[in-house]
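Next comes final-v5.csv, with CSV, N, CA and C atoms.
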chain,number,residue,atom,x,y,z
A,5,MET,N,70.6,111.1,221.2
A,5,MET,CA,70.1,111.8,220.1
A,5,MET,C,71.1,111.6,218.9
A,6,SER,N,72.4,111.7,219.1
A,6,SER,CA,73.3,111.5,218.0
A,6,SER,C,73.2,110.1,217.5
A,7,ARG,N,72.9,109.1,218.3
A,7,ARG,CA,72.8,107.7,217.8
A,7,ARG,C,71.6,107.6,216.8
A,8,PHE,N,70.5,108.3,217.2
A,8,PHE,CA,69.3,108.4,216.4
A,8,PHE,C,69.6,109.0,215.0
A,9,VAL,N,70.3,110.1,215.0
A,9,VAL,CA,70.7,110.8,213.8
A,9,VAL,C,71.6,110.0,212.9
A,10,LEU,N,72.6,109.3,213.6
A,10,LEU,CA,73.5,108.5,212.8
A,10,LEU,C,72.7,107.3,212.2
A,11,ALA,N,71.8,106.7,213.0
A,11,ALA,CA,71.1,105.5,212.5
A,11,ALA,C,70.1,106.0,211.3
A,12,SER,N,69.6,107.1,211.4
A,12,SER,CA,68.7,107.6,210.4
A,12,SER,C,69.5,107.9,209.1
A,13,ILE,N,70.7,108.4,209.2
A,13,ILE,CA,71.5,108.7,208.0
A,13,ILE,C,71.9,107.4,207.4
A,14,CYS,N,72.3,106.4,208.2
A,14,CYS,CA,72.6,105.1,207.6
A,14,CYS,C,71.5,104.4,206.9
A,15,ILE,N,70.3,104.5,207.5
A,15,ILE,CA,69.1,103.9,206.8
A,15,ILE,C,68.8,104.6,205.5
A,16,ILE,N,68.9,105.9,205.5
A,16,ILE,CA,68.6,106.7,204.3
A,16,ILE,C,69.6,106.4,203.2
A,17,ALA,N,70.9,106.3,203.6
A,17,ALA,CA,72.0,106.0,202.7
A,17,ALA,C,71.8,104.6,202.1
A,18,ALA,N,71.4,103.7,202.9
A,18,ALA,CA,71.3,102.3,202.5
A,18,ALA,C,70.1,102.1,201.5
A,19,PHE,N,69.0,102.8,201.7
A,19,PHE,CA,67.8,102.6,200.8
A,19,PHE,C,67.6,103.6,199.7
A,20,SER,N,68.4,104.7,199.6
A,20,SER,CA,68.2,105.6,198.5
A,20,SER,C,68.6,105.0,197.2
A,21,PRO,N,69.7,104.2,197.0
A,21,PRO,CA,70.0,103.6,195.7
A,21,PRO,C,68.9,102.7,195.3
A,22,VAL,N,68.2,102.0,196.2
A,22,VAL,CA,67.1,101.1,195.9
A,22,VAL,C,66.0,101.9,195.3
A,23,ALA,N,65.7,103.0,195.9
A,23,ALA,CA,64.5,103.8,195.5
A,23,ALA,C,64.8,104.4,194.1
A,24,THR,N,66.0,104.8,193.8
A,24,THR,CA,66.2,105.4,192.5
A,24,THR,C,66.3,104.3,191.5
A,25,ALA,N,66.7,103.1,191.8
A,25,ALA,CA,66.8,102.0,190.9
A,25,ALA,C,65.4,101.5,190.4
A,26,GLN,N,64.4,101.7,191.3
A,26,GLN,CA,63.1,101.2,190.9
A,26,GLN,C,62.3,102.2,190.1
A,27,GLN,N,62.8,103.4,189.9
A,27,GLN,CA,62.1,104.4,189.1
A,27,GLN,C,62.0,103.9,187.6
A,28,PRO,N,60.8,104.0,187.0
A,28,PRO,CA,60.7,103.5,185.6
A,28,PRO,C,61.6,104.3,184.7
A,29,ALA,N,62.0,103.6,183.7
A,29,ALA,CA,62.9,104.3,182.7
A,29,ALA,C,62.0,105.2,181.8
A,30,ALA,N,62.7,106.1,181.2
A,30,ALA,CA,61.9,107.0,180.3
A,30,ALA,C,61.4,106.2,179.1
A,31,PRO,N,60.2,106.5,178.6
A,31,PRO,CA,59.6,105.7,177.5
A,31,PRO,C,60.4,105.9,176.2
A,32,ALA,N,60.6,104.9,175.5
A,32,ALA,CA,61.3,104.9,174.2
A,32,ALA,C,60.4,105.7,173.2
A,33,ALA,N,61.0,106.1,172.1
A,33,ALA,CA,60.3,106.8,171.0
A,33,ALA,C,59.2,105.8,170.5
A,34,PRO,N,58.0,106.4,170.3
A,34,PRO,CA,56.9,105.5,169.8
A,34,PRO,C,57.3,104.9,168.5
A,35,SER,N,56.9,103.6,168.3
A,35,SER,CA,57.3,102.9,167.1
A,35,SER,C,56.1,102.1,166.6
A,36,HIS,N,56.0,102.1,165.3
A,36,HIS,CA,54.9,101.3,164.7
A,36,HIS,C,55.5,100.3,163.7
A,37,ASN,N,54.8,99.3,163.4
A,37,ASN,CA,55.3,98.3,162.4
A,37,ASN,C,54.2,98.1,161.3
A,38,VAL,N,54.7,98.0,160.1
A,38,VAL,CA,53.8,97.7,159.0
A,38,VAL,C,54.4,96.7,158.1
A,39,GLN,N,53.6,95.8,157.6
A,39,GLN,CA,54.1,94.8,156.6
A,39,GLN,C,53.1,94.8,155.5
A,40,GLY,N,53.6,95.0,154.3
A,40,GLY,CA,52.8,95.1,153.1
A,40,GLY,C,53.6,95.1,151.9
A,41,ALA,N,52.9,95.5,150.8
A,41,ALA,CA,53.5,95.5,149.4
A,41,ALA,C,54.0,97.0,149.1
A,42,VAL,N,55.2,97.1,148.6
A,42,VAL,CA,55.7,98.4,148.2
A,42,VAL,C,54.8,98.9,147.0
A,43,ARG,N,54.3,100.1,147.1
A,43,ARG,CA,53.5,100.7,146.0
A,43,ARG,C,54.4,101.6,145.2
A,44,VAL,N,55.2,102.4,145.9
A,44,VAL,CA,56.0,103.4,145.2
A,44,VAL,C,57.3,103.5,145.9
A,45,VAL,N,58.5,103.6,145.2
A,45,VAL,CA,59.8,103.9,145.8
A,45,VAL,C,60.2,105.2,145.2
A,46,ASP,N,60.3,106.3,146.0
A,46,ASP,CA,60.8,107.6,145.5
A,46,ASP,C,62.3,107.7,146.0
A,47,VAL,N,63.2,107.3,145.1
A,47,VAL,CA,64.6,107.3,145.5
A,47,VAL,C,65.1,108.7,145.7
A,48,ARG,N,64.7,109.6,144.8
A,48,ARG,CA,65.2,111.0,144.9
A,48,ARG,C,64.6,111.7,146.2
A,49,GLY,N,63.4,111.5,146.5
A,49,GLY,CA,62.7,112.1,147.7
A,49,GLY,C,62.9,111.2,148.9
A,50,ARG,N,63.6,110.1,148.8
A,50,ARG,CA,63.9,109.1,149.9
A,50,ARG,C,62.6,108.8,150.7
A,51,ALA,N,61.6,108.3,149.9
A,51,ALA,CA,60.4,107.9,150.5
A,51,ALA,C,59.9,106.6,150.0
A,52,LEU,N,59.0,106.0,150.7
A,52,LEU,CA,58.5,104.7,150.3
A,52,LEU,C,57.0,104.7,150.7
A,53,GLU,N,56.2,104.1,149.8
A,53,GLU,CA,54.7,103.9,150.0
A,53,GLU,C,54.5,102.5,150.1
A,54,VAL,N,53.8,102.1,151.2
A,54,VAL,CA,53.5,100.7,151.5
A,54,VAL,C,52.0,100.5,151.6
A,55,THR,N,51.5,99.5,150.9
A,55,THR,CA,50.1,99.2,150.9
A,55,THR,C,49.9,98.0,151.8
A,56,THR,N,49.0,98.1,152.8
A,56,THR,CA,48.8,97.1,153.8
A,56,THR,C,47.3,96.9,154.0
A,57,GLY,N,46.9,95.8,154.5
A,57,GLY,CA,45.5,95.5,154.8
A,57,GLY,C,45.2,95.9,156.3
A,58,VAL,N,44.1,96.6,156.5
A,58,VAL,CA,43.7,97.0,157.8
A,58,VAL,C,42.2,96.6,157.9
A,59,GLY,N,41.9,95.5,158.6
A,59,GLY,CA,40.5,95.0,158.6
A,59,GLY,C,40.1,94.6,157.2
A,60,MET,N,39.0,95.2,156.8
A,60,MET,CA,38.5,94.9,155.4
A,60,MET,C,38.9,96.0,154.5
A,61,ALA,N,39.9,96.8,154.8
A,61,ALA,CA,40.2,97.9,153.9
A,61,ALA,C,41.7,97.9,153.6
A,62,LEU,N,42.2,98.6,152.6
A,62,LEU,CA,43.6,98.8,152.3
A,62,LEU,C,44.0,100.2,152.9
A,63,ARG,N,45.3,100.2,153.3
A,63,ARG,CA,45.8,101.5,153.8
A,63,ARG,C,47.2,101.7,153.1
A,64,VAL,N,47.4,102.9,152.7
A,64,VAL,CA,48.7,103.3,152.1
A,64,VAL,C,49.4,104.2,153.1
A,65,VAL,N,50.7,103.8,153.5
A,65,VAL,CA,51.5,104.5,154.4
A,65,VAL,C,52.7,105.1,153.7
A,66,ARG,N,52.9,106.4,153.7
A,66,ARG,CA,54.0,107.0,153.1
A,66,ARG,C,55.0,107.3,154.2
A,67,ILE,N,56.2,106.8,154.0
A,67,ILE,CA,57.3,106.8,155.0
A,67,ILE,C,58.5,107.4,154.4
A,68,GLN,N,59.1,108.4,155.1
A,68,GLN,CA,60.4,109.0,154.7
A,68,GLN,C,61.5,108.1,155.2
A,69,VAL,N,62.5,107.9,154.3
A,69,VAL,CA,63.6,107.0,154.6
A,69,VAL,C,64.9,107.9,154.8
A,70,PRO,N,65.3,108.1,156.0
A,70,PRO,CA,66.6,108.9,156.2
A,70,PRO,C,67.8,108.1,155.6
A,71,ALA,N,68.9,108.8,155.2
A,71,ALA,CA,70.0,108.1,154.6
A,71,ALA,C,70.7,107.1,155.5
A,72,ASN,N,70.5,107.2,156.8
A,72,ASN,CA,71.2,106.2,157.7
A,72,ASN,C,70.4,105.0,158.0
A,73,VAL,N,69.2,104.9,157.4
A,73,VAL,CA,68.3,103.7,157.7
A,73,VAL,C,68.8,102.5,156.9
A,74,ARG,N,68.9,101.4,157.6
A,74,ARG,CA,69.4,100.2,157.1
A,74,ARG,C,68.3,99.4,156.4
A,75,VAL,N,68.5,99.1,155.1
A,75,VAL,CA,67.5,98.3,154.3
A,75,VAL,C,68.2,96.9,154.1
A,76,THR,N,67.5,95.9,154.5
A,76,THR,CA,68.0,94.5,154.4
A,76,THR,C,67.0,93.6,153.7
A,77,ALA,N,67.6,92.5,153.2
A,77,ALA,CA,66.8,91.5,152.6
A,77,ALA,C,66.5,90.5,153.7
A,78,GLY,N,65.6,89.5,153.4
A,78,GLY,CA,65.3,88.5,154.4
A,78,GLY,C,66.5,87.8,155.1
A,79,GLY,N,67.5,87.5,154.3
A,79,GLY,CA,68.7,86.8,154.8
A,79,GLY,C,69.7,87.7,155.5
A,80,GLY,N,69.4,89.0,155.6
A,80,GLY,CA,70.3,89.9,156.2
A,80,GLY,C,71.2,90.7,155.3
A,81,ALA,N,71.1,90.4,154.0
A,81,ALA,CA,72.0,91.2,153.0
A,81,ALA,C,71.5,92.6,153.0
A,82,VAL,N,72.5,93.5,152.9
A,82,VAL,CA,72.2,94.9,152.9
A,82,VAL,C,71.8,95.4,151.5
A,83,LEU,N,70.7,96.1,151.4
A,83,LEU,CA,70.2,96.6,150.1
A,83,LEU,C,70.3,98.2,150.1
A,84,THR,N,70.2,98.7,148.9
A,84,THR,CA,70.0,100.2,148.8
A,84,THR,C,68.5,100.4,148.6
A,85,LEU,N,68.1,101.6,148.8
A,85,LEU,CA,66.7,102.0,148.6
A,85,LEU,C,66.3,101.7,147.2
A,86,SER,N,67.2,102.0,146.2
A,86,SER,CA,66.8,101.8,144.8
A,86,SER,C,66.7,100.3,144.4
A,87,GLN,N,67.1,99.4,145.3
A,87,GLN,CA,66.9,98.0,145.0
A,87,GLN,C,65.5,97.5,145.4
A,88,LEU,N,64.8,98.3,146.1
A,88,LEU,CA,63.4,97.9,146.4
A,88,LEU,C,62.5,98.4,145.2
A,89,GLY,N,61.5,97.6,144.9
A,89,GLY,CA,60.6,97.9,143.8
A,89,GLY,C,59.2,97.7,144.1
A,90,ALA,N,58.3,98.1,143.3
A,90,ALA,CA,56.9,97.9,143.4
A,90,ALA,C,56.6,96.4,143.5
A,91,GLY,N,55.8,96.0,144.4
A,91,GLY,CA,55.5,94.6,144.6
A,91,GLY,C,56.3,93.8,145.6
A,92,ASP,N,57.4,94.4,146.0
A,92,ASP,CA,58.2,93.8,147.1
A,92,ASP,C,57.4,93.8,148.4
A,93,ILE,N,57.5,92.7,149.1
A,93,ILE,CA,56.9,92.6,150.4
A,93,ILE,C,57.9,93.1,151.5
A,94,VAL,N,57.6,94.1,152.3
A,94,VAL,CA,58.5,94.7,153.2
A,94,VAL,C,57.9,94.7,154.6
A,95,ARG,N,58.7,94.7,155.6
A,95,ARG,CA,58.3,95.0,157.0
A,95,ARG,C,59.1,96.2,157.4
A,96,VAL,N,58.4,97.3,157.8
A,96,VAL,CA,59.0,98.6,158.1
A,96,VAL,C,58.6,98.9,159.6
A,97,SER,N,59.7,99.3,160.3
A,97,SER,CA,59.5,99.9,161.7
A,97,SER,C,59.6,101.4,161.5
A,98,TYR,N,58.7,102.1,162.0
A,98,TYR,CA,58.7,103.6,161.8
A,98,TYR,C,58.1,104.3,162.9
A,99,GLY,N,58.2,105.6,163.0
A,99,GLY,CA,57.6,106.4,164.0
A,99,GLY,C,57.4,107.8,163.4
A,100,GLY,N,56.7,108.6,164.2
A,100,GLY,CA,56.4,110.0,163.8
A,100,GLY,C,57.6,110.9,163.6
A,101,ALA,N,57.6,111.7,162.6
A,101,ALA,CA,58.7,112.6,162.4
A,101,ALA,C,58.6,113.8,163.4
A,102,PRO,N,59.7,114.4,163.7
A,102,PRO,CA,59.6,115.5,164.6
A,102,PRO,C,58.8,116.7,164.0
A,103,GLY,N,57.9,117.3,164.8
A,103,GLY,CA,57.1,118.3,164.3
A,103,GLY,C,55.8,117.9,163.6
A,104,GLY,N,55.6,116.5,163.7
A,104,GLY,CA,54.4,116.0,163.1
A,104,GLY,C,54.4,116.0,161.5
A,105,GLY,N,55.5,116.0,160.9
A,105,GLY,CA,55.6,116.0,159.5
A,105,GLY,C,55.6,114.6,158.8
A,106,GLY,N,54.7,113.7,159.1
A,106,GLY,CA,54.7,112.4,158.5
A,106,GLY,C,55.4,111.4,159.4
A,107,TYR,N,55.9,110.4,158.7
A,107,TYR,CA,56.6,109.2,159.4
A,107,TYR,C,58.0,109.1,158.9
A,108,LEU,N,58.9,108.6,159.8
A,108,LEU,CA,60.3,108.3,159.5
A,108,LEU,C,60.5,106.8,159.7
A,109,ALA,N,61.2,106.2,158.8
A,109,ALA,CA,61.5,104.7,158.9
A,109,ALA,C,62.7,104.6,159.9
A,110,TYR,N,62.7,103.5,160.6
A,110,TYR,CA,63.8,103.1,161.5
A,110,TYR,C,64.5,101.9,160.9
A,111,THR,N,63.8,100.9,160.4
A,111,THR,CA,64.4,99.8,159.7
A,111,THR,C,63.4,99.4,158.6
A,112,ILE,N,64.0,98.8,157.5
A,112,ILE,CA,63.2,98.3,156.4
A,112,ILE,C,63.8,96.9,156.1
A,113,GLU,N,62.9,95.9,156.0
A,113,GLU,CA,63.4,94.5,155.7
A,113,GLU,C,62.5,94.0,154.5
A,114,ARG,N,63.1,93.6,153.5
A,114,ARG,CA,62.4,93.0,152.4
A,114,ARG,C,62.2,91.5,152.7
A,115,VAL,N,61.0,91.1,152.9
A,115,VAL,CA,60.7,89.7,153.3
A,115,VAL,C,60.3,88.8,152.1
A,116,GLY,N,60.0,89.4,151.0
A,116,GLY,CA,59.6,88.6,149.8
A,116,GLY,C,59.3,89.5,148.6
A,117,ARG,N,58.9,88.8,147.5
A,117,ARG,CA,58.6,89.5,146.3
A,117,ARG,C,57.3,88.9,145.8
A,118,MET,N,56.5,89.7,145.1
A,118,MET,CA,55.3,89.1,144.5
A,118,MET,C,55.8,88.5,143.2
A,119,GLU,N,55.2,87.3,142.9
A,119,GLU,CA,55.6,86.6,141.7
A,119,GLU,C,54.8,87.1,140.4
A,120,THR,N,53.6,87.5,140.7
A,120,THR,CA,52.7,87.9,139.5
A,120,THR,C,52.2,89.3,139.8
A,121,GLY,N,51.9,90.0,138.8
A,121,GLY,CA,51.3,91.4,138.9
A,121,GLY,C,49.8,91.3,138.6
A,122,ALA,N,49.3,92.5,138.3
A,122,ALA,CA,47.8,92.6,138.1
A,122,ALA,C,47.4,91.8,136.9
A,123,GLY,N,48.2,91.7,135.9
A,123,GLY,CA,47.8,90.9,134.7
A,123,GLY,C,48.3,89.4,134.7
A,124,GLY,N,48.9,89.0,135.8
A,124,GLY,CA,49.5,87.7,135.9
A,124,GLY,C,48.4,86.7,136.4
A,125,THR,N,48.8,85.4,136.3
A,125,THR,CA,47.9,84.4,136.8
A,125,THR,C,48.4,83.9,138.1
A,126,PRO,N,47.5,83.7,139.1
A,126,PRO,CA,47.9,83.3,140.4
A,126,PRO,C,48.4,81.9,140.4

Rewrite the structure of this file - the entire thing - as structure tokens.
Amino acid sequence: MSRFVLASICIIAAFSPVATAQQPAAPAAPSHNVQGAVRVVDVRGRALEVTTGVGMALRVVRIQVPANVRVTAGGGAVLTLSQLGAGDIVRVSYGGAPGGGGYLAYTIERVGRMETGAGGTP
């Protein structure tokens, strides 16, 4: 009987780390990505509005930008929020704000700039 108990304990001890290692990790915070043209930069309110195409329609996404969010240019240079302007092409990674109060940016990358505006020639 004692051999059986000892063998059972050894088997349980040997396989318990394997069982815990195979448990799935906790899901990461939900994240979305949007790429589009900056419509409005609200430096004082720390927010950004990005216009993007969704199917055959346009969509405007308003995203809050916390002070610790890194804003970069395409080459990796660090920018301030005030250096972004209307017409800049950006890629933003964002997620839902706690309590359902809109969206919060995680990263912002300026990937380009529009060369002409509404009155310009393509």

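Atom N of A:Ser97 sits 5.9 Å away from atom CA of A:Ala109.
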
**Report entry** Minimum-distance residue to A:Ile93, chosen among A:Val115, A:Val38, A:Val54, A:Val47 (using only N, CA and C atoms)
**Finding:** A:Val115

Query - Non-local contacts of A:Val73 (6.5 Å; all atoms listed in the file; under 5 positions in same chain excluded) as a ChimeraX atom specification - result: /A:109-112

Requested in this report: Pick out the closest residue to A:Arg95 from this set: A:Thr55, A:Gln39, A:Thr76, A:Gln68. Count only N, CA and C atoms.
Outcome: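 Going through A:Thr55, A:Gln39, A:Thr76, A:Gln68 one by one, the smallest distance to A:Arg95 is for A:Gln39.
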